[in-house]
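*Asks:* Input file: work21.cif. Contents: mmCIF, C-alpha atoms.
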```cif
data_input
loop_
_atom_site.group_PDB
_atom_site.id
_atom_site.type_symbol
_atom_site.label_atom_id
_atom_site.label_comp_id
_atom_site.auth_asym_id
_atom_site.auth_seq_id
_atom_site.Cartn_x
_atom_site.Cartn_y
_atom_site.Cartn_z
ATOM 1 C CA MET M 1 36.595 -28.534 -9.883
ATOM 2 C CA THR M 2 34.835 -25.309 -10.827
ATOM 3 C CA SER M 3 32.448 -23.485 -8.591
ATOM 4 C CA ARG M 4 28.864 -23.110 -9.762
ATOM 5 C CA ARG M 5 28.625 -19.831 -7.962
ATOM 6 C CA THR M 6 28.932 -16.643 -9.930
ATOM 7 C CA ALA M 7 30.785 -13.708 -8.433
ATOM 8 C CA LEU M 8 28.608 -10.627 -8.480
ATOM 9 C CA PRO M 9 29.158 -7.046 -7.445
ATOM 10 C CA ARG M 10 28.230 -6.858 -3.782
ATOM 11 C CA ARG M 11 28.126 -3.098 -3.497
ATOM 12 C CA GLY M 12 24.456 -3.245 -2.702
ATOM 13 C CA VAL M 13 24.690 -5.675 0.192
ATOM 14 C CA PRO M 14 25.049 -3.012 2.933
ATOM 15 C CA ALA M 15 22.141 -1.076 1.428
ATOM 16 C CA VAL M 16 19.898 -4.147 1.457
ATOM 17 C CA LEU M 17 20.884 -5.016 5.012
ATOM 18 C CA ALA M 18 20.200 -1.419 6.076
ATOM 19 C CA LEU M 19 16.796 -1.509 4.366
ATOM 20 C CA LEU M 20 15.835 -4.766 6.076
ATOM 21 C CA LEU M 21 16.976 -3.401 9.420
ATOM 22 C CA ALA M 22 14.963 -0.225 8.858
ATOM 23 C CA CYS M 23 11.866 -2.285 8.032
ATOM 24 C CA ALA M 24 12.290 -4.357 11.178
ATOM 25 C CA GLY M 25 12.671 -1.130 13.163
ATOM 26 C CA LEU M 26 9.573 0.420 11.596
ATOM 27 C CA THR M 27 7.566 -2.697 12.370
ATOM 28 C CA ALA M 28 8.824 -2.817 15.940
ATOM 29 C CA GLY M 29 7.932 0.846 16.311
ATOM 30 C CA TRP M 30 4.460 0.163 14.961
ATOM 31 C CA PHE M 31 3.793 -2.507 17.561
ATOM 32 C CA ALA M 32 5.596 -0.635 20.347
ATOM 33 C CA THR M 33 3.331 2.370 19.905
ATOM 34 C CA GLY M 34 0.232 0.341 20.581
ATOM 35 C CA HIS M 35 -0.919 -0.490 17.077
ATOM 36 C CA ALA M 36 -0.842 -4.191 17.674
ATOM 37 C CA SER M 37 -3.425 -4.968 15.040
ATOM 38 C CA ALA M 38 -4.724 -3.394 11.891
ATOM 39 C CA PRO M 39 -6.775 -0.347 12.853
ATOM 40 C CA ASP M 40 -10.510 -0.889 12.463
ATOM 41 C CA HIS M 41 -9.859 -4.318 10.960
ATOM 42 C CA GLY M 42 -8.001 -2.830 8.033
ATOM 43 C CA LEU M 43 -10.765 -0.426 7.086
ATOM 44 C CA LEU M 44 -9.284 2.834 8.346
ATOM 45 C CA GLN M 45 -9.174 5.301 5.450
ATOM 46 C CA LEU M 46 -9.343 2.551 2.836
ATOM 47 C CA ASP M 47 -10.934 5.001 0.364
ATOM 48 C CA VAL M 48 -13.179 2.409 -1.319
ATOM 49 C CA LEU M 49 -16.711 3.620 -2.082
ATOM 50 C CA SER M 50 -18.174 0.208 -1.367
ATOM 51 C CA LEU M 51 -21.482 1.108 0.307
ATOM 52 C CA SER M 52 -24.833 2.156 -1.111
ATOM 53 C CA GLU M 53 -27.285 2.260 1.721
ATOM 54 C CA ARG M 54 -29.927 4.573 3.134
ATOM 55 C CA VAL M 55 -29.685 5.242 6.866
ATOM 56 C CA PRO M 56 -32.538 6.874 8.796
ATOM 57 C CA GLY M 57 -31.463 10.250 10.126
ATOM 58 C CA LEU M 58 -28.997 10.984 7.332
ATOM 59 C CA GLN M 59 -29.812 13.212 4.399
ATOM 60 C CA ALA M 60 -27.742 14.919 1.746
ATOM 61 C CA GLN M 61 -27.737 18.699 2.064
ATOM 62 C CA ASP M 62 -29.426 20.356 -0.937
ATOM 63 C CA GLY M 63 -28.917 17.224 -3.018
ATOM 64 C CA ARG M 64 -25.129 17.616 -2.834
ATOM 65 C CA PRO M 65 -22.616 14.965 -1.757
ATOM 66 C CA THR M 66 -22.347 15.458 1.974
ATOM 67 C CA MET M 67 -19.905 14.614 4.722
ATOM 68 C CA VAL M 68 -21.282 13.855 8.172
ATOM 69 C CA VAL M 69 -18.781 13.743 11.021
ATOM 70 C CA LEU M 70 -19.607 11.519 13.980
ATOM 71 C CA THR M 71 -18.037 12.670 17.204
ATOM 72 C CA CYS M 72 -18.695 12.848 20.935
ATOM 73 C CA PRO M 73 -20.604 15.585 22.776
ATOM 74 C CA SER M 74 -17.527 16.637 24.756
ATOM 75 C CA ALA M 75 -15.422 17.250 21.642
ATOM 76 C CA VAL M 76 -14.494 20.795 20.709
ATOM 77 C CA ALA M 77 -16.847 21.953 17.951
ATOM 78 C CA PRO M 78 -15.001 20.915 14.806
ATOM 79 C CA ALA M 79 -14.476 23.569 12.188
ATOM 80 C CA ARG M 80 -15.557 22.994 8.632
ATOM 81 C CA THR M 81 -12.620 22.500 6.309
ATOM 82 C CA LEU M 82 -14.469 21.176 3.290
ATOM 83 C CA SER M 83 -15.208 23.091 0.075
ATOM 84 C CA PRO M 84 -18.624 24.792 0.128
ATOM 85 C CA ALA M 85 -19.463 22.725 -2.949
ATOM 86 C CA TYR M 86 -20.255 19.853 -0.587
ATOM 87 C CA GLY M 87 -22.638 19.503 2.320
ATOM 88 C CA PHE M 88 -21.226 19.190 5.800
ATOM 89 C CA ALA M 89 -22.761 18.243 9.127
ATOM 90 C CA VAL M 90 -21.638 17.111 12.572
ATOM 91 C CA SER M 91 -23.534 14.645 14.730
ATOM 92 C CA THR M 92 -23.017 13.600 18.336
ATOM 93 C CA ASP M 93 -25.964 11.211 18.272
ATOM 94 C CA PRO M 94 -24.731 7.847 19.643
ATOM 95 C CA ASP M 95 -27.590 5.969 17.970
ATOM 96 C CA LEU M 96 -26.647 7.374 14.601
ATOM 97 C CA ALA M 97 -22.988 6.516 15.254
ATOM 98 C CA ARG M 98 -24.013 2.911 15.868
ATOM 99 C CA ARG M 99 -26.225 2.821 12.771
ATOM 100 C CA VAL M 100 -23.291 3.823 10.584
ATOM 101 C CA ALA M 101 -20.951 1.343 12.265
ATOM 102 C CA LEU M 102 -18.889 3.998 14.024
ATOM 103 C CA PRO M 103 -19.693 3.244 17.660
ATOM 104 C CA GLY M 104 -16.268 4.460 18.760
ATOM 105 C CA ALA M 105 -17.363 8.007 17.917
ATOM 106 C CA THR M 106 -19.206 8.104 21.240
ATOM 107 C CA ARG M 107 -15.791 7.607 22.900
ATOM 108 C CA CYS M 108 -14.425 10.536 20.872
ATOM 109 C CA ASP M 109 -12.821 8.320 18.209
ATOM 110 C CA ASP M 110 -14.085 10.518 15.410
ATOM 111 C CA GLY M 111 -15.246 9.112 12.117
ATOM 112 C CA TYR M 112 -17.297 10.237 9.191
ATOM 113 C CA VAL M 113 -19.653 9.038 6.510
ATOM 114 C CA LEU M 114 -20.005 10.335 2.982
ATOM 115 C CA LEU M 115 -23.418 10.545 1.357
ATOM 116 C CA ASP M 116 -24.125 10.913 -2.321
ATOM 117 C CA GLY M 117 -26.629 13.438 -3.615
ATOM 118 C CA ALA M 118 -29.479 10.956 -3.144
ATOM 119 C CA GLY M 119 -28.620 10.584 0.534
ATOM 120 C CA LEU M 120 -27.168 7.070 0.332
ATOM 121 C CA VAL M 121 -24.230 6.265 2.588
ATOM 122 C CA ARG M 122 -21.350 5.455 0.235
ATOM 123 C CA TYR M 123 -18.382 5.467 2.585
ATOM 124 C CA ARG M 124 -17.592 5.310 6.261
ATOM 125 C CA SER M 125 -14.299 5.484 8.093
ATOM 126 C CA TYR M 126 -12.802 6.302 11.427
ATOM 127 C CA ASP M 127 -10.392 9.176 11.090
ATOM 128 C CA PRO M 128 -9.378 11.074 14.210
ATOM 129 C CA GLY M 129 -7.412 13.532 12.062
ATOM 130 C CA TRP M 130 -10.275 14.227 9.643
ATOM 131 C CA PRO M 131 -10.030 18.078 9.791
ATOM 132 C CA ARG M 132 -6.556 17.815 8.237
ATOM 133 C CA HIS M 133 -7.541 15.356 5.509
ATOM 134 C CA THR M 134 -9.714 17.553 3.333
ATOM 135 C CA GLU M 135 -8.060 16.544 0.081
ATOM 136 C CA GLU M 136 -8.871 12.881 0.689
ATOM 137 C CA GLN M 137 -12.505 13.654 1.530
ATOM 138 C CA GLU M 138 -12.955 15.959 -1.444
ATOM 139 C CA ILE M 139 -11.570 13.375 -3.863
ATOM 140 C CA LEU M 140 -14.125 10.865 -2.587
ATOM 141 C CA LEU M 141 -16.984 13.406 -2.608
ATOM 142 C CA GLU M 142 -16.039 14.527 -6.100
ATOM 143 C CA ASN M 143 -16.593 10.961 -7.219
ATOM 144 C CA LEU M 144 -20.080 11.029 -5.749
ATOM 145 C CA LEU M 145 -21.172 13.882 -8.000
ATOM 146 C CA PRO M 146 -23.622 12.877 -10.743
ATOM 147 C CA GLY M 147 -21.724 11.515 -13.741
ATOM 148 C CA ALA M 148 -18.463 10.962 -11.844
ATOM 149 C CA HIS M 149 -16.430 8.153 -13.428
ATOM 150 C CA ALA M 150 -15.622 6.189 -10.300
ATOM 151 C CA GLY M 151 -18.765 6.545 -8.261
ATOM 152 C CA HIS M 152 -19.215 2.797 -7.885
ATOM 153 C CA GLY M 153 -15.874 1.958 -6.420
ATOM 154 C CA ALA M 154 -16.063 -1.590 -5.195
ATOM 155 C CA MET E 1 57.891 10.915 -17.324
ATOM 156 C CA SER E 2 55.301 8.794 -15.631
ATOM 157 C CA ARG E 3 51.646 9.484 -16.116
ATOM 158 C CA SER E 4 49.168 9.538 -13.296
ATOM 159 C CA PRO E 5 46.622 6.727 -13.355
ATOM 160 C CA VAL E 6 43.531 7.458 -15.380
ATOM 161 C CA PRO E 7 40.553 7.791 -13.028
ATOM 162 C CA THR E 8 38.024 5.021 -13.565
ATOM 163 C CA ARG E 9 35.169 7.394 -13.047
ATOM 164 C CA SER E 10 34.976 10.934 -14.276
ATOM 165 C CA VAL E 11 33.861 13.754 -12.045
ATOM 166 C CA LEU E 12 30.712 13.944 -14.137
ATOM 167 C CA THR E 13 29.852 10.309 -13.486
ATOM 168 C CA ARG E 14 30.468 10.664 -9.771
ATOM 169 C CA SER E 15 28.291 13.756 -9.677
ATOM 170 C CA ALA E 16 25.523 11.925 -11.477
ATOM 171 C CA VAL E 17 25.698 9.072 -8.958
ATOM 172 C CA VAL E 18 25.588 11.502 -6.022
ATOM 173 C CA ALA E 19 22.660 13.335 -7.629
ATOM 174 C CA ALA E 20 20.819 10.052 -8.159
ATOM 175 C CA TYR E 21 21.240 9.072 -4.504
ATOM 176 C CA ALA E 22 20.162 12.544 -3.386
ATOM 177 C CA GLY E 23 17.113 12.340 -5.663
ATOM 178 C CA LEU E 24 16.259 8.940 -4.254
ATOM 179 C CA ALA E 25 16.504 10.250 -0.704
ATOM 180 C CA VAL E 26 14.256 13.198 -1.563
ATOM 181 C CA LEU E 27 11.750 10.861 -3.228
ATOM 182 C CA GLU E 28 11.633 8.584 -0.193
ATOM 183 C CA VAL E 29 11.185 11.471 2.223
ATOM 184 C CA ALA E 30 8.473 12.988 0.027
ATOM 185 C CA ILE E 31 6.567 9.698 -0.105
ATOM 186 C CA ALA E 32 6.784 9.225 3.666
ATOM 187 C CA VAL E 33 5.685 12.809 4.353
ATOM 188 C CA ALA E 34 2.755 12.468 1.941
ATOM 189 C CA TYR E 35 1.445 9.394 3.771
ATOM 190 C CA LEU E 36 2.099 10.890 7.184
ATOM 191 C CA GLY E 37 0.238 14.065 6.225
ATOM 192 C CA ARG E 38 -2.874 12.034 5.506
ATOM 193 C CA GLY E 39 -2.690 10.135 8.752
ATOM 194 C CA THR E 40 -2.058 6.959 6.794
ATOM 195 C CA TRP E 41 1.197 5.856 8.319
ATOM 196 C CA TRP E 42 -0.121 2.308 8.474
ATOM 197 C CA HIS E 43 -0.739 2.285 4.727
ATOM 198 C CA TYR E 44 2.780 3.622 4.203
ATOM 199 C CA LEU E 45 4.258 0.811 6.235
ATOM 200 C CA LEU E 46 2.347 -1.890 4.396
ATOM 201 C CA HIS E 47 2.786 -0.736 0.822
ATOM 202 C CA GLN E 48 6.409 0.342 1.028
ATOM 203 C CA MET E 49 7.553 -2.891 2.670
ATOM 204 C CA VAL E 50 5.613 -5.030 0.220
ATOM 205 C CA GLY E 51 6.917 -2.983 -2.709
ATOM 206 C CA TRP E 52 10.523 -3.074 -1.563
ATOM 207 C CA GLY E 53 10.258 -6.792 -0.833
ATOM 208 C CA LEU E 54 8.774 -7.759 -4.171
ATOM 209 C CA GLY E 55 11.224 -5.513 -6.020
ATOM 210 C CA LEU E 56 14.176 -7.159 -4.300
ATOM 211 C CA ALA E 57 12.622 -10.593 -4.860
ATOM 212 C CA ALA E 58 12.275 -9.892 -8.575
ATOM 213 C CA GLY E 59 15.831 -8.560 -8.731
ATOM 214 C CA GLY E 60 17.167 -11.597 -6.904
ATOM 215 C CA ALA E 61 15.220 -14.011 -9.075
ATOM 216 C CA TRP E 62 16.389 -12.255 -12.236
ATOM 217 C CA THR E 63 20.000 -12.425 -11.095
ATOM 218 C CA ALA E 64 19.637 -16.102 -10.220
ATOM 219 C CA LEU E 65 17.947 -17.039 -13.470
ATOM 220 C CA ARG E 66 20.285 -15.007 -15.670
ATOM 221 C CA ARG E 67 23.348 -16.347 -13.872
ATOM 222 C CA GLY E 68 25.041 -13.139 -12.951
ATOM 223 C CA ALA E 69 22.963 -10.357 -14.443
ATOM 224 C CA HIS E 70 23.394 -7.905 -11.575
ATOM 225 C CA VAL E 71 20.299 -5.952 -10.589
ATOM 226 C CA PRO E 72 21.108 -2.942 -8.391
ATOM 227 C CA PRO E 73 19.103 -3.494 -5.201
ATOM 228 C CA LEU E 74 17.990 0.084 -4.692
ATOM 229 C CA ALA E 75 16.677 0.281 -8.251
ATOM 230 C CA ALA E 76 14.826 -3.007 -7.762
ATOM 231 C CA ALA E 77 13.392 -1.921 -4.410
ATOM 232 C CA VAL E 78 12.231 1.465 -5.669
ATOM 233 C CA ALA E 79 10.680 -0.063 -8.787
ATOM 234 C CA GLY E 80 8.708 -2.446 -6.596
ATOM 235 C CA GLN E 81 7.751 0.367 -4.263
ATOM 236 C CA LEU E 82 6.392 2.472 -7.123
ATOM 237 C CA VAL E 83 4.349 -0.451 -8.443
ATOM 238 C CA SER E 84 2.951 -1.020 -4.973
ATOM 239 C CA ILE E 85 1.740 2.567 -4.545
ATOM 240 C CA VAL E 86 0.237 3.067 -8.010
ATOM 241 C CA PRO E 87 -3.349 3.111 -6.591
ATOM 242 C CA ASP E 88 -2.335 5.816 -4.127
ATOM 243 C CA LEU E 89 -0.757 7.845 -6.929
ATOM 244 C CA MET E 90 -3.968 7.382 -8.938
ATOM 245 C CA PHE E 91 -5.951 8.572 -5.929
ATOM 246 C CA LYS E 92 -3.917 11.721 -5.497
ATOM 247 C CA TYR E 93 -3.142 12.670 -9.074
ATOM 248 C CA LEU E 94 -6.065 11.176 -11.050
ATOM 249 C CA ARG E 95 -8.514 11.679 -8.165
ATOM 250 C CA MET E 96 -9.693 8.068 -8.404
ATOM 251 C CA PRO E 97 -11.038 6.317 -5.299
ATOM 252 C CA HIS E 98 -9.683 2.889 -4.577
ATOM 253 C CA THR E 99 -11.502 -0.143 -5.964
ATOM 254 C CA THR E 100 -11.133 -3.820 -5.176
ATOM 255 C CA ALA E 101 -9.722 -4.282 -8.704
ATOM 256 C CA MET E 102 -6.646 -2.421 -7.471
ATOM 257 C CA ASP E 103 -5.532 -5.689 -5.920
ATOM 258 C CA LEU E 104 -3.772 -6.069 -9.254
ATOM 259 C CA TRP E 105 -1.182 -3.714 -7.807
ATOM 260 C CA VAL E 106 0.348 -6.374 -5.550
ATOM 261 C CA GLY E 107 -2.663 -6.809 -3.301
ATOM 262 C CA HIS E 108 -3.133 -3.119 -2.617
ATOM 263 C CA ILE E 109 -6.611 -3.566 -1.088
ATOM 264 C CA SER E 110 -6.723 -7.131 0.241
ATOM 265 C CA LEU E 111 -3.427 -6.691 2.065
ATOM 266 C CA HIS E 112 -5.277 -4.515 4.609
ATOM 267 C CA ARG E 113 -7.967 -7.111 5.198
ATOM 268 C CA GLY E 114 -5.794 -10.200 5.425
ATOM 269 C CA PRO E 115 -4.247 -11.749 8.531
ATOM 270 C CA SER E 116 -1.589 -9.701 10.368
ATOM 271 C CA PRO E 117 -0.945 -7.218 7.552
ATOM 272 C CA VAL E 118 2.144 -5.620 9.091
ATOM 273 C CA LEU E 119 3.799 -8.964 9.804
ATOM 274 C CA VAL E 120 2.965 -10.168 6.300
ATOM 275 C CA ALA E 121 4.534 -7.025 4.834
ATOM 276 C CA LEU E 122 7.611 -7.509 7.008
ATOM 277 C CA GLY E 123 7.781 -11.135 5.906
ATOM 278 C CA VAL E 124 7.632 -10.120 2.258
ATOM 279 C CA VAL E 125 10.481 -7.637 2.594
ATOM 280 C CA LEU E 126 12.633 -10.041 4.620
ATOM 281 C CA LEU E 127 12.090 -12.865 2.140
ATOM 282 C CA GLY E 128 12.616 -10.582 -0.853
ATOM 283 C CA GLY E 129 15.737 -9.066 0.659
ATOM 284 C CA GLY E 130 17.007 -12.528 1.526
ATOM 285 C CA GLY E 131 16.422 -13.546 -2.078
ATOM 286 C CA TRP E 132 18.461 -10.649 -3.400
ATOM 287 C CA LEU E 133 21.277 -11.278 -0.910
ATOM 288 C CA SER E 134 21.354 -14.980 -1.774
ATOM 289 C CA ALA E 135 21.617 -14.156 -5.454
ATOM 290 C CA ALA E 136 24.417 -11.674 -4.779
ATOM 291 C CA TYR E 137 26.382 -14.452 -3.072
ATOM 292 C CA GLY E 138 25.712 -16.878 -5.904
ATOM 293 C CA ARG E 139 23.182 -19.025 -4.036
ATOM 294 C CA ARG E 140 20.827 -19.396 -6.961
ATOM 295 C CA ARG E 141 18.485 -21.997 -5.546
ATOM 296 C CA ALA E 142 18.091 -20.208 -2.224
ATOM 297 C CA ALA E 143 17.496 -16.955 -4.079
ATOM 298 C CA LEU E 144 14.689 -18.459 -6.126
ATOM 299 C CA VAL E 145 13.069 -20.116 -3.114
ATOM 300 C CA LEU E 146 13.151 -16.933 -1.045
ATOM 301 C CA ALA E 147 11.915 -14.768 -3.911
ATOM 302 C CA ALA E 148 9.055 -17.163 -4.594
ATOM 303 C CA GLY E 149 8.355 -17.285 -0.861
ATOM 304 C CA ALA E 150 7.833 -13.511 -0.798
ATOM 305 C CA ALA E 151 5.307 -13.701 -3.617
ATOM 306 C CA VAL E 152 3.536 -16.736 -2.170
ATOM 307 C CA LEU E 153 3.265 -15.166 1.290
ATOM 308 C CA LEU E 154 1.603 -12.080 -0.160
ATOM 309 C CA ALA E 155 -0.689 -14.145 -2.400
ATOM 310 C CA VAL E 156 -1.840 -16.367 0.480
ATOM 311 C CA ALA E 157 -2.471 -13.379 2.742
ATOM 312 C CA CYS E 158 -4.574 -11.743 0.034
ATOM 313 C CA LEU E 159 -6.499 -14.958 -0.617
ATOM 314 C CA LEU E 160 -7.327 -15.181 3.088
ATOM 315 C CA ALA E 161 -8.436 -11.555 3.257
ATOM 316 C CA GLU E 162 -11.974 -10.604 4.194
ATOM 317 C CA ALA E 163 -13.972 -8.776 1.566
ATOM 318 C CA VAL E 164 -14.426 -5.026 1.843
ATOM 319 C CA PRO E 165 -17.851 -4.528 3.454
ATOM 320 C CA ALA E 166 -20.624 -3.761 1.007
ATOM 321 C CA ARG E 167 -23.203 -3.118 3.757
ATOM 322 C CA LEU E 168 -22.960 -1.307 7.069
ATOM 323 C CA ALA E 169 -24.079 -4.523 8.752
ATOM 324 C CA ASP E 170 -20.869 -6.157 7.516
ATOM 325 C CA TYR E 171 -18.678 -3.956 9.702
#
```
Go ahead and render the structure in this file as C-alpha cells.

*Replies:*
Amino acid sequence: MTSRRTALPRRGVPAVLALLLACAGLTAGWFATGHASAPDHGLLQLDVLSLSERVPGLQAQDGRPTMVVLTCPSAVAPARTLSPAYGFAVSTDPDLARRVALPGATRCDDGYVLLDGAGLVRYRSYDPGWPRHTEEQEILLENLLPGAHAGHGA
Amino acid sequence: MSRSPVPTRSVLTRSAVVAAYAGLAVLEVAIAVAYLGRGTWWHYLLHQMVGWGLGLAAGGAWTALRRGAHVPPLAAAVAGQLVSIVPDLMFKYLRMPHTTAMDLWVGHISLHRGPSPVLVALGVVLLGGGGWLSAAYGRRRAALVLAAGAAVLLAVACLLAEAVPARLADY
C-alpha cells in the first residue's frame, strides 16, 4: 500500500511556528496594553478623505488647505510642525470638538480636522501624536490642493 | 589517495542565503519602525498578520494542489505581507490618500471597520500558517480547508464591516 502523502522539505516548519507564536504574542501584547478594541471604531488615522462638509466656526486660512488641531485648554501649547504652505490653527473649544466628532479632545485626547481651500471638512481623526506625524498630514493636505489627483478619496 | 567530500553548497551560495536572511530581517525591522514612527502600530499589526497569513495560505494551497511543489514559507509570507501593505506604500511613496477601493488589497480599509479586527487578523495568520504546515506534512485536504478558511474569514469580516463615514454625523 502506498502512502498518498508527499514528503516535502520541512526546513521552514520552525520558521512558521516561530511566526505564529510571534503573532500570538503581538496580539496578546495589544490586548494586555489596554487596546481591547479597535481605536475610535477603526477610524484612527485611516487616511481616507471621505468627508465634504461645512462646519460653523471652521474656515480655511487664506484659501489654503488647513489643519485645525482640537485639544484641551490644559494642554501645553502645541508647536506648529506643518509646512507654511498650509494653514494651521489650534482650538480648545469643546463645542467645536463635538461638532467635528472629536469630543475626546476636551479630555486631552487630541485630534485634528483637515479643511480644503473652500473650508470644507475633508478629514478628521484622533491622533495624540499628531506633532510627530507631519508627513502623514502633509500628504493628505497636498491632496486637498486644487487639481490634486486624489482629492475625493472615498 | 582519498578525496574529501564535495561540499553540497559553495561558500558563495551560503553567503547569498545569509545575505538574504539578513536583508529580510532589515526589511521587517524597517517596516515595523515605519509604522511605529507614525503612531500606527495597530495598522501594522492588522496588515502584517493578514499579509503573512494569506501568503502562507496561498503557499500551502499551492503545495497541496501541485502535490509537492514546495513553497518556502518565508517567501510566501513576505509576498503576502507586501501585497497587504501596498496602499500604505502608495501613501508614502506616491503620496496617495487611502480610498475605499483599496479594499482590493486584501481588505486594507474594511478590515479596520469589521468586527474584532485584531482577532480576525490573528485568525487569518493562524489558519494560513496551519494551511502551510498541513501541506508540508502532506495533509492536502487539511491544507486546502485551512487556506480557504483564512480567505473566507477575512472576506466575511470585510463584508460585515461598517462603511467609512461620509458625514460627521456618521461618527

*Asks:* Can you pull out the residues contacting Met102 of chain E? Cut-off 9 Å, using only C-alpha atoms, and skip same-chain residues under 6 positions away; I want them as a count of residues only.

*Replies:* 4

*Asks:* Output the contact residues of chain E with respect to chain M at a cut-off of 6 Å, based on only C-alpha atoms, as a list of chain:residue names.

*Replies:*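 Selected residues: E:Arg38, E:Pro73, E:Arg95, E:Pro97, E:His98, E:Thr99, E:Thr100, E:His112, E:Arg113, E:Ala136, E:Gly138, E:Ala166, E:Arg167.
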
*Asks:* Written as JSON, numbers by chain, what is the full residue list that the PyMOL selection byres ((chain E and resi 49) around 12) yields on the file shown?

*Replies:* {"M": [19, 20, 21, 22, 23, 24, 25, 26, 27], "E": [42, 43, 44, 45, 46, 47, 48, 50, 51, 52, 53, 54, 55, 56, 57, 77, 78, 80, 81, 82, 83, 84, 85, 106, 108, 111, 117, 118, 119, 120, 121, 122, 123, 124, 125, 126, 127, 128, 129, 150, 154]}

*Asks:* Write the residues of the preceding selection, restricted to C-alpha atoms, as a JSON list (two decimals), in the coordinates of the input.

*Replies:*
```json
[["chain", "number", "residue", "atom", "x", "y", "z"],
["M", 19, "LEU", "CA", 16.80, -1.51, 4.37],
["M", 20, "LEU", "CA", 15.84, -4.77, 6.08],
["M", 21, "LEU", "CA", 16.98, -3.40, 9.42],
["M", 22, "ALA", "CA", 14.96, -0.22, 8.86],
["M", 23, "CYS", "CA", 11.87, -2.28, 8.03],
["M", 24, "ALA", "CA", 12.29, -4.36, 11.18],
["M", 25, "GLY", "CA", 12.67, -1.13, 13.16],
["M", 26, "LEU", "CA", 9.57, 0.42, 11.60],
["M", 27, "THR", "CA", 7.57, -2.70, 12.37],
["E", 42, "TRP", "CA", -0.12, 2.31, 8.47],
["E", 43, "HIS", "CA", -0.74, 2.28, 4.73],
["E", 44, "TYR", "CA", 2.78, 3.62, 4.20],
["E", 45, "LEU", "CA", 4.26, 0.81, 6.24],
["E", 46, "LEU", "CA", 2.35, -1.89, 4.40],
["E", 47, "HIS", "CA", 2.79, -0.74, 0.82],
["E", 48, "GLN", "CA", 6.41, 0.34, 1.03],
["E", 50, "VAL", "CA", 5.61, -5.03, 0.22],
["E", 51, "GLY", "CA", 6.92, -2.98, -2.71],
["E", 52, "TRP", "CA", 10.52, -3.07, -1.56],
["E", 53, "GLY", "CA", 10.26, -6.79, -0.83],
["E", 54, "LEU", "CA", 8.77, -7.76, -4.17],
["E", 55, "GLY", "CA", 11.22, -5.51, -6.02],
["E", 56, "LEU", "CA", 14.18, -7.16, -4.30],
["E", 57, "ALA", "CA", 12.62, -10.59, -4.86],
["E", 77, "ALA", "CA", 13.39, -1.92, -4.41],
["E", 78, "VAL", "CA", 12.23, 1.46, -5.67],
["E", 80, "GLY", "CA", 8.71, -2.45, -6.60],
["E", 81, "GLN", "CA", 7.75, 0.37, -4.26],
["E", 82, "LEU", "CA", 6.39, 2.47, -7.12],
["E", 83, "VAL", "CA", 4.35, -0.45, -8.44],
["E", 84, "SER", "CA", 2.95, -1.02, -4.97],
["E", 85, "ILE", "CA", 1.74, 2.57, -4.54],
["E", 106, "VAL", "CA", 0.35, -6.37, -5.55],
["E", 108, "HIS", "CA", -3.13, -3.12, -2.62],
["E", 111, "LEU", "CA", -3.43, -6.69, 2.06],
["E", 117, "PRO", "CA", -0.94, -7.22, 7.55],
["E", 118, "VAL", "CA", 2.14, -5.62, 9.09],
["E", 119, "LEU", "CA", 3.80, -8.96, 9.80],
["E", 120, "VAL", "CA", 2.96, -10.17, 6.30],
["E", 121, "ALA", "CA", 4.53, -7.02, 4.83],
["E", 122, "LEU", "CA", 7.61, -7.51, 7.01],
["E", 123, "GLY", "CA", 7.78, -11.14, 5.91],
["E", 124, "VAL", "CA", 7.63, -10.12, 2.26],
["E", 125, "VAL", "CA", 10.48, -7.64, 2.59],
["E", 126, "LEU", "CA", 12.63, -10.04, 4.62],
["E", 127, "LEU", "CA", 12.09, -12.86, 2.14],
["E", 128, "GLY", "CA", 12.62, -10.58, -0.85],
["E", 129, "GLY", "CA", 15.74, -9.07, 0.66],
["E", 150, "ALA", "CA", 7.83, -13.51, -0.80],
["E", 154, "LEU", "CA", 1.60, -12.08, -0.16]]
```

*Asks:* Asp95 of chain M: which residues within 12 Å, counting all atoms listed in the file, same-chain residues fewer than 6 positions away excluded, as a PyMOL selection string?

*Replies:* chain M and resi 55-58+70-72+101-106

*Asks:* If the PyMOL selection byres ((chain M and resi 115) around 8) were run on this exact file, what residues would it hold? Put them as a list of chain:residue names.

*Replies:*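 Evaluating the PyMOL selection byres ((chain M and resi 115) around 8) on this file yields M:Gln59, M:Ala60, M:Pro65, M:Thr66, M:Met67, M:Val68, M:Val113, M:Leu114, M:Asp116, M:Gly117, M:Ala118, M:Gly119, M:Leu120, M:Val121, M:Arg122, M:Tyr123, M:Leu144.
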
*Asks:* So what do you get for atom CA of Val33 of chain E versus atom CA of Ala79 of chain M, distance-wise?

*Replies:*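 The value is 24.2 Å.
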
*Asks:* Restricting the calculation to only C-alpha atoms: of E:Trp105, E:Trp41, E:Tyr35, E:Trp62, which residue gets closest to Gly131 of chain E?

*Replies:* E:Trp62

*Asks:* Quick one: pull the distance between atom CA of Arg64 of chain M and atom CA of Gly87 of chain M, Å, one decimal.

*Replies:* 6.0 Å

*Asks:* Between atom CA of Leu168 of chain E and atom CA of Pro94 of chain M, measure the distance and give it in Å to one decimal.

*Replies:*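 Taking atom CA of Leu168 of chain E and atom CA of Pro94 of chain M, their separation equals 15.7 Å.
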
*Asks:* Nearest residue to Ala75 of chain M out of M:Gln137, M:Ser91, M:Thr33, M:Gly147, using only C-alpha atoms?

*Replies:*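 Of the candidates, the smallest distance to Ala75 of chain M is held by M:Ser91.
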